[in-house]
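Remarks on the structure that follows.
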Amino acid sequence: MQIKFYKYQGNGNDFIVLDNRDGNYHLTQRQVRHLCDRHFGIGADGLMMVKEANEADFEMVYFNADGQLSSMCGNGGRCIAAFAYLKNMVGEKMVFKAFDGNHQAVINKEIEKGKLFDVSLSMGDVTEVEKDSTFYFLDTGSPHYVEFVDKVAEIDVVTEGRKTRYSERFSPEGTNVNFVEISEKRIFVRTYERGVEDETLSCGTGVTASAIAAFLETGKKDFQVHTTGGEFKVDFEEHNGLFRSVVLRGPAELVFKGEVEV
């Protein structure tokens, strides 16, 4: 089967995007895993399909690099919004269906014509945050453990993240794991992603969770969010522990496109 694909990245978090509105693509877990393999396939942190939707402009179906259907992906959501805009499926404002419900996305600016965009994505409400003596745990479309550290650049994210991801506390589903360093105006986030089973250059739901946890830790919410892959802005409103109007903003870029035999 010949597949036409598009490769996108959002602050280093990269994805294969397929236009499956006609329903022709039916990939197995092994095929998705092969396409995401960085040595033998295209290479990506995940694969997304665009499908037709009745009560939204389109549906986003997201697979992790291990080939498993996954929960919401913030960077993926921003990238698929840029894809839909470039394909003339939508205008600058759109609504799409995802694992955790409908999301609004806005193309704020076309930074480089036909290639690079500034995209805002509405995230789901966060209704519950667990606070432990050493971490916060919350769901921003995907489950996230957030731990604040002094020198995040020195953390062995893969080793330490894997311990928590596979710990009995978060079994059987596991969790994504974020290590966060707070400075006066910025937080630096590094994330171990389940399903990728590695550190990614950034994670949209992870930086959203980290920004909310940083607010709970410090009382401040205007942090610039830094990751190894780039910068984000996270906005939200909080009232009595309920977080609403959560918006993730950052770049989304078309890297290349092509065809592959599967």
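Residues in the structure tokens are named by chain (A, B, ... in the order shown) and by number from 1 within that chain; ligands are numbered from 1 in the order shown.
The neighbours of A:Arg186 here are the residues that come within 8 Å of it, using only C-alpha atoms and leaving out any residue fewer than 2 positions away in the same chain; they are A:Ile182, A:Ser183, A:Glu184, A:Phe188, A:Phe223, A:Gln224, A:Val225, A:His226.
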Produce a file of the selected residues containing N, CA and C atoms, as a short mmCIF file (atom, residue, chain, number, x, y, z; two decimals), in the first residue's frame.
data_model
loop_
_atom_site.label_atom_id
_atom_site.label_comp_id
_atom_site.auth_asym_id
_atom_site.auth_seq_id
_atom_site.Cartn_x
_atom_site.Cartn_y
_atom_site.Cartn_z
N ILE A 182 12.13 25.72 38.25
CA ILE A 182 11.48 27.03 38.27
C ILE A 182 12.53 28.12 38.49
N SER A 183 12.49 29.15 37.65
CA SER A 183 13.25 30.36 37.90
C SER A 183 12.25 31.51 38.04
N GLU A 184 12.72 32.74 38.09
CA GLU A 184 11.83 33.86 38.40
C GLU A 184 10.70 34.01 37.38
N PHE A 188 11.58 25.40 33.13
CA PHE A 188 12.26 24.56 32.16
C PHE A 188 11.74 23.14 32.39
N PHE A 223 4.51 32.33 33.60
CA PHE A 223 5.82 31.81 33.27
C PHE A 223 5.96 31.62 31.76
N GLN A 224 7.15 31.92 31.25
CA GLN A 224 7.52 31.45 29.92
C GLN A 224 7.94 30.00 30.09
N VAL A 225 7.43 29.12 29.23
CA VAL A 225 7.72 27.69 29.37
C VAL A 225 8.80 27.31 28.37
N HIS A 226 9.92 26.84 28.88
CA HIS A 226 11.06 26.46 28.05
C HIS A 226 11.18 24.93 28.04
#
Report as a PDB file with N, CA and C atoms, in the first residue's frame all protein, DNA and RNA residues lying within 10 Å of stretch 152-165 of chain A, evaluated on only C-alpha atoms, omitting residues in the same chain fewer than 6 positions from it.
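selection.pdb, written as the output of this step:
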ATOM      1  N   HIS A 144      -0.180  13.146  33.766  1.00  0.00           N
ATOM      2  CA  HIS A 144       1.175  13.683  33.938  1.00  0.00           C
ATOM      3  C   HIS A 144       1.572  13.772  35.408  1.00  0.00           C
ATOM      4  N   TYR A 145       2.739  13.253  35.693  1.00  0.00           N
ATOM      5  CA  TYR A 145       3.438  13.394  36.971  1.00  0.00           C
ATOM      6  C   TYR A 145       4.383  14.574  36.808  1.00  0.00           C
ATOM      7  N   SER A 171       0.447   2.082  37.900  1.00  0.00           N
ATOM      8  CA  SER A 171       0.081   0.943  37.061  1.00  0.00           C
ATOM      9  C   SER A 171      -1.447   0.775  37.056  1.00  0.00           C
ATOM     10  N   PRO A 172      -2.032   0.155  36.030  1.00  0.00           N
ATOM     11  CA  PRO A 172      -1.321  -0.477  34.923  1.00  0.00           C
ATOM     12  C   PRO A 172      -1.080   0.455  33.731  1.00  0.00           C
ATOM     13  N   GLU A 173      -1.795   1.602  33.671  1.00  0.00           N
ATOM     14  CA  GLU A 173      -1.686   2.454  32.489  1.00  0.00           C
ATOM     15  C   GLU A 173      -0.352   3.185  32.401  1.00  0.00           C
ATOM     16  N   GLY A 174       0.247   3.479  33.551  1.00  0.00           N
ATOM     17  CA  GLY A 174       1.474   4.267  33.551  1.00  0.00           C
ATOM     18  C   GLY A 174       1.168   5.744  33.421  1.00  0.00           C
ATOM     19  N   THR A 175       2.204   6.566  33.408  1.00  0.00           N
ATOM     20  CA  THR A 175       2.033   8.010  33.317  1.00  0.00           C
ATOM     21  C   THR A 175       3.194   8.635  32.560  1.00  0.00           C
ATOM     22  N   ASN A 176       2.967   9.828  32.028  1.00  0.00           N
ATOM     23  CA  ASN A 176       4.065  10.648  31.527  1.00  0.00           C
ATOM     24  C   ASN A 176       4.734  11.309  32.726  1.00  0.00           C
ATOM     25  N   VAL A 177       6.018  11.602  32.604  1.00  0.00           N
ATOM     26  CA  VAL A 177       6.779  12.100  33.748  1.00  0.00           C
ATOM     27  C   VAL A 177       7.519  13.377  33.363  1.00  0.00           C
ATOM     28  N   ASN A 178       7.299  14.441  34.150  1.00  0.00           N
ATOM     29  CA  ASN A 178       7.924  15.743  33.878  1.00  0.00           C
ATOM     30  C   ASN A 178       8.815  16.161  35.039  1.00  0.00           C
ATOM     31  N   PHE A 179      10.016  16.599  34.714  1.00  0.00           N
ATOM     32  CA  PHE A 179      10.924  17.192  35.690  1.00  0.00           C
ATOM     33  C   PHE A 179      11.030  18.680  35.358  1.00  0.00           C
ATOM     34  N   VAL A 180      10.803  19.532  36.351  1.00  0.00           N
ATOM     35  CA  VAL A 180      10.635  20.965  36.092  1.00  0.00           C
ATOM     36  C   VAL A 180      11.508  21.789  37.030  1.00  0.00           C
ATOM     37  N   GLU A 181      12.218  22.742  36.455  1.00  0.00           N
ATOM     38  CA  GLU A 181      13.006  23.705  37.227  1.00  0.00           C
ATOM     39  C   GLU A 181      12.343  25.069  37.114  1.00  0.00           C
ATOM     40  N   ILE A 182      12.128  25.718  38.245  1.00  0.00           N
ATOM     41  CA  ILE A 182      11.480  27.029  38.275  1.00  0.00           C
ATOM     42  C   ILE A 182      12.528  28.117  38.488  1.00  0.00           C
ATOM     43  N   PHE A 188      11.579  25.404  33.126  1.00  0.00           N
ATOM     44  CA  PHE A 188      12.263  24.556  32.156  1.00  0.00           C
ATOM     45  C   PHE A 188      11.741  23.136  32.390  1.00  0.00           C
ATOM     46  N   VAL A 189      11.110  22.574  31.360  1.00  0.00           N
ATOM     47  CA  VAL A 189      10.431  21.284  31.480  1.00  0.00           C
ATOM     48  C   VAL A 189      11.119  20.234  30.609  1.00  0.00           C
ATOM     49  N   ARG A 190      11.394  19.086  31.217  1.00  0.00           N
ATOM     50  CA  ARG A 190      11.870  17.928  30.454  1.00  0.00           C
ATOM     51  C   ARG A 190      10.926  16.765  30.732  1.00  0.00           C
ATOM     52  N   THR A 191      10.559  16.024  29.673  1.00  0.00           N
ATOM     53  CA  THR A 191       9.477  15.037  29.775  1.00  0.00           C
ATOM     54  C   THR A 191       9.877  13.674  29.252  1.00  0.00           C
ATOM     55  N   TYR A 192       9.555  12.653  30.047  1.00  0.00           N
ATOM     56  CA  TYR A 192       9.606  11.265  29.592  1.00  0.00           C
ATOM     57  C   TYR A 192       8.188  10.895  29.182  1.00  0.00           C
ATOM     58  N   GLU A 193       8.019  10.507  27.912  1.00  0.00           N
ATOM     59  CA  GLU A 193       6.684  10.205  27.401  1.00  0.00           C
ATOM     60  C   GLU A 193       6.432   8.706  27.321  1.00  0.00           C
ATOM     61  N   ARG A 194       5.346   8.273  27.929  1.00  0.00           N
ATOM     62  CA  ARG A 194       4.939   6.885  27.780  1.00  0.00           C
ATOM     63  C   ARG A 194       4.504   6.682  26.321  1.00  0.00           C
ATOM     64  N   GLU A 197       8.438   6.030  25.157  1.00  0.00           N
ATOM     65  CA  GLU A 197       9.365   5.377  26.091  1.00  0.00           C
ATOM     66  C   GLU A 197      10.764   5.983  26.005  1.00  0.00           C
ATOM     67  N   ASP A 198      10.757   7.316  25.956  1.00  0.00           N
ATOM     68  CA  ASP A 198      12.009   8.059  25.865  1.00  0.00           C
ATOM     69  C   ASP A 198      11.711   9.510  26.228  1.00  0.00           C
ATOM     70  N   GLU A 199      12.758  10.294  26.395  1.00  0.00           N
ATOM     71  CA  GLU A 199      12.569  11.730  26.540  1.00  0.00           C
ATOM     72  C   GLU A 199      12.258  12.315  25.169  1.00  0.00           C
ATOM     73  N   THR A 200      11.276  13.198  25.103  1.00  0.00           N
ATOM     74  CA  THR A 200      10.990  13.930  23.877  1.00  0.00           C
ATOM     75  C   THR A 200      11.478  15.365  24.040  1.00  0.00           C
ATOM     76  N   THR A 228      13.608  21.678  25.779  1.00  0.00           N
ATOM     77  CA  THR A 228      14.793  21.483  24.939  1.00  0.00           C
ATOM     78  C   THR A 228      14.484  21.845  23.488  1.00  0.00           C
TER      79      THR A 228
END
> as a VMD selection string, which residues of stretch 93-146 of chain A does DSSP assign to strand (DSSP E)?
Replying inline: chain A and resid 93 to 98 101 to 112 116 to 122 129 to 131 136 to 139 143 to 146
>> Applying 6 Å and only C-alpha atoms, which residues near stretch 53-64 of chain A remain after dropping the ones on its own chain fewer than 5 positions away? List them as a PyMOL selection string.
In response: chain A and resi 46-48+69-70+95-98+195
Could you save the residues just selected, with N, CA and C atoms, as a compact mmCIF listing (two decimals), in the first residue's frame?
# COMPACT_ATOMS: atom_id res chain seq x y z
N GLY A 46 5.09 10.13 17.07
CA GLY A 46 3.73 9.61 16.97
C GLY A 46 3.21 9.77 15.56
N LEU A 47 2.07 9.16 15.31
CA LEU A 47 1.41 9.22 14.00
C LEU A 47 -0.03 9.65 14.20
N MET A 48 -0.49 10.57 13.35
CA MET A 48 -1.86 11.07 13.44
C MET A 48 -2.59 10.87 12.12
N LEU A 69 -2.93 3.13 20.09
CA LEU A 69 -3.79 4.30 20.16
C LEU A 69 -3.54 5.03 21.47
N SER A 70 -3.49 6.35 21.43
CA SER A 70 -3.11 7.09 22.63
C SER A 70 -4.15 8.14 22.98
N VAL A 95 -12.51 23.65 14.91
CA VAL A 95 -12.83 22.76 16.02
C VAL A 95 -12.60 21.33 15.54
N PHE A 96 -11.81 20.56 16.29
CA PHE A 96 -11.62 19.17 15.92
C PHE A 96 -11.86 18.25 17.11
N LYS A 97 -12.25 17.03 16.77
CA LYS A 97 -12.51 16.01 17.78
C LYS A 97 -11.23 15.26 18.08
N ALA A 98 -10.98 14.98 19.36
CA ALA A 98 -9.82 14.20 19.78
C ALA A 98 -10.26 13.18 20.82
N GLY A 195 4.69 5.48 25.81
CA GLY A 195 4.35 5.22 24.41
C GLY A 195 5.51 5.50 23.49
> Could you name the residues that touch A:Arg21 at 7 Å or less, counting only C-alpha atoms, but leaving out those on the same chain fewer than 4 positions away, as a PyMOL selection string?
Replying inline: chain A and resi 50-52
Go ahead and save the picked residues with N, CA and C atoms, as an mmCIF file, in the first residue's frame.
data_model
loop_
_atom_site.group_PDB
_atom_site.id
_atom_site.type_symbol
_atom_site.label_atom_id
_atom_site.label_comp_id
_atom_site.auth_asym_id
_atom_site.auth_seq_id
_atom_site.Cartn_x
_atom_site.Cartn_y
_atom_site.Cartn_z
ATOM 1 N N VAL A 50 -6.123 12.176 10.071
ATOM 2 C CA VAL A 50 -7.256 13.083 9.992
ATOM 3 C C VAL A 50 -8.437 12.307 9.430
ATOM 4 N N LYS A 51 -9.544 12.301 10.174
ATOM 5 C CA LYS A 51 -10.760 11.612 9.738
ATOM 6 C C LYS A 51 -11.925 12.594 9.675
ATOM 7 N N GLU A 52 -12.954 12.231 8.911
ATOM 8 C CA GLU A 52 -14.177 13.024 8.876
ATOM 9 C C GLU A 52 -14.867 12.963 10.246
#
Closest-contact table, stretch 81-100 of chain A side, partner stretch 240-262 of chain A, 9 Å, counting only C-alpha atoms, as CSV:
residue,atom,partner,partner_atom,distance
A:Ala81,CA,A:Ala252,CA,8.7
A:Ala82,CA,A:Ala252,CA,6.6
A:Phe83,CA,A:Leu254,CA,7.8
